[in-house]
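Novice: structure01.pdb is reproduced below (PDB, C-alpha atoms and all ligand atoms).
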ATOM      1  CA  MET A   1     -11.450  36.475 -23.969
ATOM      2  CA  THR A   2     -11.670  34.762 -27.347
ATOM      3  CA  GLY A   3     -14.272  32.110 -28.025
ATOM      4  CA  LEU A   4     -11.601  29.430 -28.150
ATOM      5  CA  GLY A   5     -10.175  30.499 -24.782
ATOM      6  CA  ARG A   6     -13.595  30.363 -23.192
ATOM      7  CA  TRP A   7     -14.279  26.989 -24.782
ATOM      8  CA  LEU A   8     -10.982  25.592 -23.451
ATOM      9  CA  GLN A   9     -11.750  26.909 -19.975
ATOM     10  CA  GLN A  10     -15.188  25.314 -20.032
ATOM     11  CA  MET A  11     -13.720  22.041 -21.240
ATOM     12  CA  GLY A  12     -11.194  22.123 -18.420
ATOM     13  CA  MET A  13     -13.925  22.714 -15.866
ATOM     14  CA  ARG A  14     -16.080  19.986 -17.323
ATOM     15  CA  MET A  15     -13.160  17.542 -17.166
ATOM     16  CA  THR A  16     -12.394  18.422 -13.545
ATOM     17  CA  ILE A  17     -16.018  17.858 -12.556
ATOM     18  CA  GLY A  18     -16.156  14.659 -14.605
ATOM     19  CA  LEU A  19     -13.008  13.311 -12.995
ATOM     20  CA  ARG A  20     -14.276  14.137  -9.527
ATOM     21  CA  ARG A  21     -17.576  12.384 -10.255
ATOM     22  CA  PHE A  22     -15.667   9.407 -11.682
ATOM     23  CA  MET A  23     -13.544   9.059  -8.535
ATOM     24  CA  GLU A  24     -16.518   9.363  -6.210
ATOM     25  CA  GLY A  25     -16.851   6.279  -4.032
ATOM     26  CA  ARG A  26     -13.535   4.979  -5.299
ATOM     27  CA  TYR A  27     -10.520   4.381  -3.159
ATOM     28  CA  GLY A  28      -7.928   6.777  -4.603
ATOM     29  CA  ASN A  29      -4.252   6.837  -3.758
ATOM     30  CA  ASP A  30      -2.370   5.723  -0.645
ATOM     31  CA  LYS A  31       1.109   4.893   0.610
ATOM     32  CA  LEU A  32       0.940   1.309  -0.664
ATOM     33  CA  ASN A  33       0.056   2.543  -4.147
ATOM     34  CA  ASN A  34       2.999   4.950  -4.077
ATOM     35  CA  ALA A  35       5.262   2.041  -3.119
ATOM     36  CA  ILE A  36       3.840  -0.163  -5.901
ATOM     37  CA  LEU A  37       4.357   2.591  -8.485
ATOM     38  CA  GLY A  38       7.825   3.284  -7.082
ATOM     39  CA  ALA A  39       8.755  -0.392  -7.454
ATOM     40  CA  ALA A  40       7.420  -0.388 -11.026
ATOM     41  CA  MET A  41       9.512   2.691 -11.807
ATOM     42  CA  VAL A  42      12.661   1.094 -10.334
ATOM     43  CA  LEU A  43      12.050  -2.003 -12.460
ATOM     44  CA  VAL A  44      11.695   0.063 -15.632
ATOM     45  CA  ILE A  45      14.931   1.916 -14.832
ATOM     46  CA  LEU A  46      16.740  -1.339 -14.002
ATOM     47  CA  ALA A  47      15.495  -2.803 -17.277
ATOM     48  CA  LEU A  48      17.487  -0.103 -19.112
ATOM     49  CA  PHE A  49      20.648  -1.871 -17.951
ATOM     50  CA  ILE A  50      19.504  -5.427 -18.597
ATOM     51  CA  ARG A  51      20.887  -6.689 -21.885
ATOM     52  CA  ASN A  52      19.298 -10.144 -21.782
ATOM     53  CA  PRO A  53      16.067  -9.706 -23.798
ATOM     54  CA  LEU A  54      14.105 -12.337 -21.849
ATOM     55  CA  VAL A  55      15.003 -10.899 -18.437
ATOM     56  CA  ASN A  56      14.275  -7.444 -19.828
ATOM     57  CA  LEU A  57      10.843  -8.580 -20.998
ATOM     58  CA  ILE A  58      10.085 -10.134 -17.619
ATOM     59  CA  ALA A  59      11.150  -6.952 -15.800
ATOM     60  CA  HIS A  60       8.848  -4.882 -18.020
ATOM     61  CA  GLY A  61       6.057  -7.415 -17.595
ATOM     62  CA  ILE A  62       6.275  -7.214 -13.803
ATOM     63  CA  ALA A  63       6.452  -3.406 -13.977
ATOM     64  CA  TYR A  64       3.236  -3.305 -16.040
ATOM     65  CA  ILE A  65       1.491  -5.731 -13.704
ATOM     66  CA  LEU A  66       2.466  -3.519 -10.745
ATOM     67  CA  MET A  67       1.163  -0.419 -12.533
ATOM     68  CA  PHE A  68      -2.137  -2.105 -13.350
ATOM     69  CA  TRP A  69      -2.385  -3.271  -9.766
ATOM     70  CA  ALA A  70      -1.910   0.306  -8.499
ATOM     71  CA  ILE A  71      -4.499   1.631 -10.971
ATOM     72  CA  PHE A  72      -6.906  -1.137  -9.989
ATOM     73  CA  ARG A  73      -6.469  -0.281  -6.312
ATOM     74  CA  SER A  74      -7.053   3.446  -6.808
ATOM     75  CA  LEU A  75     -10.213   2.828  -8.875
ATOM     76  CA  SER A  76     -11.519   0.117  -6.580
ATOM     77  CA  ARG A  77     -14.881   0.630  -4.892
ATOM     78  CA  ASN A  78     -14.024  -1.831  -2.138
ATOM     79  CA  THR A  79     -12.469   0.891  -0.023
ATOM     80  CA  TYR A  80     -12.494  -1.149   3.175
ATOM     81  CA  LYS A  81     -10.369  -3.927   1.674
ATOM     82  CA  ARG A  82      -7.944  -1.459   0.086
ATOM     83  CA  TYR A  83      -7.638   0.376   3.397
ATOM     84  CA  GLN A  84      -6.799  -2.897   5.170
ATOM     85  CA  GLU A  85      -4.129  -3.702   2.563
ATOM     86  CA  ASN A  86      -2.539  -0.324   3.127
ATOM     87  CA  ARG A  87      -2.694  -0.765   6.902
ATOM     88  CA  LYS A  88      -0.944  -4.165   6.671
ATOM     89  CA  TYR A  89       1.723  -2.720   4.428
ATOM     90  CA  LEU A  90       2.403   0.165   6.839
ATOM     91  CA  GLN A  91       2.441  -2.215   9.791
ATOM     92  CA  PHE A  92       4.903  -4.544   8.065
ATOM     93  CA  PHE A  93       7.362  -1.764   7.308
ATOM     94  CA  GLY A  94       6.822  -0.234  10.735
ATOM     95  CA  ARG A  95       8.024  -3.531  12.175
ATOM     96  CA  MET A  96      11.073  -3.631   9.928
ATOM     97  CA  LYS A  97      12.168  -0.151  10.954
ATOM     98  CA  ASP A  98      11.638  -0.722  14.679
ATOM     99  CA  ARG A  99      14.826  -2.265  16.084
ATOM    100  CA  ASP A 100      13.961  -1.755  19.750
ATOM    101  CA  HIS A 101      10.758  -3.766  19.782
ATOM    102  CA  ARG A 102       9.390  -7.067  18.665
ATOM    103  CA  TYR A 103       5.840  -7.573  17.470
ATOM    104  CA  PHE A 104       3.661 -10.567  18.123
ATOM    105  CA  ASP A 105       0.117 -11.417  17.175
ATOM    106  CA  CYS A 106      -2.052 -12.514  20.046
ATOM    107  CA  PRO A 107      -2.779 -16.236  19.433
ATOM    108  CA  LYS A 108      -6.401 -15.729  20.449
ATOM    109  CA  CYS A 109      -7.623 -12.452  18.966
ATOM    110  CA  ARG A 110      -4.806 -11.531  16.509
ATOM    111  CA  GLN A 111      -4.252  -8.194  18.220
ATOM    112  CA  MET A 112      -0.707  -6.963  17.549
ATOM    113  CA  VAL A 113       1.353  -6.629  20.733
ATOM    114  CA  ARG A 114       4.624  -4.721  20.917
ATOM    115  CA  VAL A 115       7.291  -5.740  23.451
ATOM    116  CA  PRO A 116      10.841  -4.475  24.075
ATOM    117  CA  ARG A 117      13.510  -6.523  22.316
ATOM    118  CA  GLY A 118      16.237  -8.572  24.018
ATOM    119  CA  LYS A 119      14.575  -9.328  27.358
ATOM    120  CA  GLY A 120      14.725 -13.103  26.904
ATOM    121  CA  LYS A 121      11.619 -15.219  27.334
ATOM    122  CA  ILE A 122       8.770 -13.095  28.616
ATOM    123  CA  ALA A 123       5.127 -13.594  29.442
ATOM    124  CA  ILE A 124       2.971 -11.272  27.358
ATOM    125  CA  THR A 125      -0.562 -10.316  28.258
ATOM    126  CA  CYS A 126      -2.736  -9.270  25.355
ATOM    127  CA  PRO A 127      -4.120  -5.764  26.020
ATOM    128  CA  ARG A 128      -7.366  -6.588  24.215
ATOM    129  CA  CYS A 129      -8.435 -10.038  25.400
ATOM    130  CA  THR A 130      -5.974 -10.529  28.329
ATOM    131  CA  GLU A 131      -4.768 -13.817  26.826
ATOM    132  CA  LYS A 132      -1.319 -14.729  28.230
ATOM    133  CA  PHE A 133       1.396 -16.213  26.044
ATOM    134  CA  VAL A 134       5.170 -16.646  26.320
ATOM    135  CA  ARG A 135       7.508 -15.456  23.574
ATOM    136  CA  LYS A 136      11.219 -14.941  23.227
ATOM    137  CA  SER A 137      11.911 -11.224  22.856
TER     138      SER A 137
HETATM  139 ZN    ZN B 201      -5.774 -11.079  22.388
END
Would you write the structure of this file as structure tokens?
Ligand SMILES: [Zn+2]
Specialist:
Amino acid sequence: MTGLGRWLQQMGMRMTIGLRRFMEGRYGNDKLNNAILGAAMVLVILALFIRNPLVNLIAHGIAYILMFWAIFRSLSRNTYKRYQENRKYLQFFGRMKDRDHRYFDCPKCRQMVRVPRGKGKIAITCPRCTEKFVRKS
């Protein structure tokens, strides 16, 4: 191997190790980040078709803010908070997709309770704290 080849290989290794060390203790990527970046991408693509310069600028502005937000989240050291954000996001879209159930938060302990949809008014017992509450399913 030539000296340059070896040097490049060493550089590559050094960068990999450096990147790994840099990301240590940081949050990294998750589903919410993918969604944020996806939304930013859609905005940039949409902006290609927007002729109005002000609206175009706003679309790009929002896209950049979303990208910075995603980068901020992946580099964040507050992994617990980021994890909770991702969990809420997944829960929210889980609810939207689920047409057979309704979701309620227990008024006492905030535990999420799932009940079948379309059964009229029903009494729900929280599985965590056994609080009873009535909701329309
Ligand atoms: Zn409860």
Novice: Tell me which of A:Ile122, A:Met112, A:Val44, A:Val134 sits closest to ligand ZN 201 (chain B), counting all atoms listed in the file.
Specialist: A:Met112
Novice: Expand the PyMOL selection byres (((not hetatm)) within 7 of (chain B and resi 201)) into the individual residues it matches in the shown file, reporting them as a list in words.
Specialist: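 Output from the PyMOL selection byres (((not hetatm)) within 7 of (chain B and resi 201)), applied to this file: Cys106, Pro107, Lys108, Cys109, Arg110, Gln111, Cys126, Pro127, Arg128, Cys129, Thr130 and Glu131 of chain A.
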Novice: Could those residues be written to a file, using C-alpha atoms, as an mmCIF file, keeping the file's coordinate frame?
Specialist:
data_model
loop_
_atom_site.group_PDB
_atom_site.id
_atom_site.type_symbol
_atom_site.label_atom_id
_atom_site.label_comp_id
_atom_site.auth_asym_id
_atom_site.auth_seq_id
_atom_site.Cartn_x
_atom_site.Cartn_y
_atom_site.Cartn_z
ATOM 1 C CA CYS A 106 -2.052 -12.514 20.046
ATOM 2 C CA PRO A 107 -2.779 -16.236 19.433
ATOM 3 C CA LYS A 108 -6.401 -15.729 20.449
ATOM 4 C CA CYS A 109 -7.623 -12.452 18.966
ATOM 5 C CA ARG A 110 -4.806 -11.531 16.509
ATOM 6 C CA GLN A 111 -4.252 -8.194 18.220
ATOM 7 C CA CYS A 126 -2.736 -9.270 25.355
ATOM 8 C CA PRO A 127 -4.120 -5.764 26.020
ATOM 9 C CA ARG A 128 -7.366 -6.588 24.215
ATOM 10 C CA CYS A 129 -8.435 -10.038 25.400
ATOM 11 C CA THR A 130 -5.974 -10.529 28.329
ATOM 12 C CA GLU A 131 -4.768 -13.817 26.826
#
Novice: Quick one: residues within 10 Å of A:Gly38, only C-alpha atoms counted, chain neighbours fewer than 5 positions away excluded, as a short mmCIF file (atom, residue, chain, number, x, y, z; two decimals) with C-alpha atoms, keeping the file's coordinate frame?
Specialist:
data_model
loop_
_atom_site.label_atom_id
_atom_site.label_comp_id
_atom_site.auth_asym_id
_atom_site.auth_seq_id
_atom_site.Cartn_x
_atom_site.Cartn_y
_atom_site.Cartn_z
CA LEU A 32 0.94 1.31 -0.66
CA ASN A 33 0.06 2.54 -4.15
CA LEU A 43 12.05 -2.00 -12.46
CA VAL A 44 11.70 0.06 -15.63
CA ALA A 63 6.45 -3.41 -13.98
CA LEU A 66 2.47 -3.52 -10.74
CA MET A 67 1.16 -0.42 -12.53
#
Novice: Which of these residues is nearest to A:Arg117, using only C-alpha atoms: A:Lys132, A:Arg73, A:Arg87, A:Arg102?
Specialist: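 Looking only at the distances to A:Arg117, the closest residue turns out to be A:Arg102.
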Novice: Work out how far apart atom CA of A:Met23 and atom CA of A:Trp69 are and give it in Å to one decimal.
Specialist: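 So the answer is 16.7 Å.
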Novice: My list of candidates is A:Ile58, A:Ile50, A:Val42, A:Leu37. Which is closest to A:Ile71 when distances are computed with all atoms listed in the file?
Specialist: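 Using all atoms listed in the file, A:Ile71 sits closest to A:Leu37.
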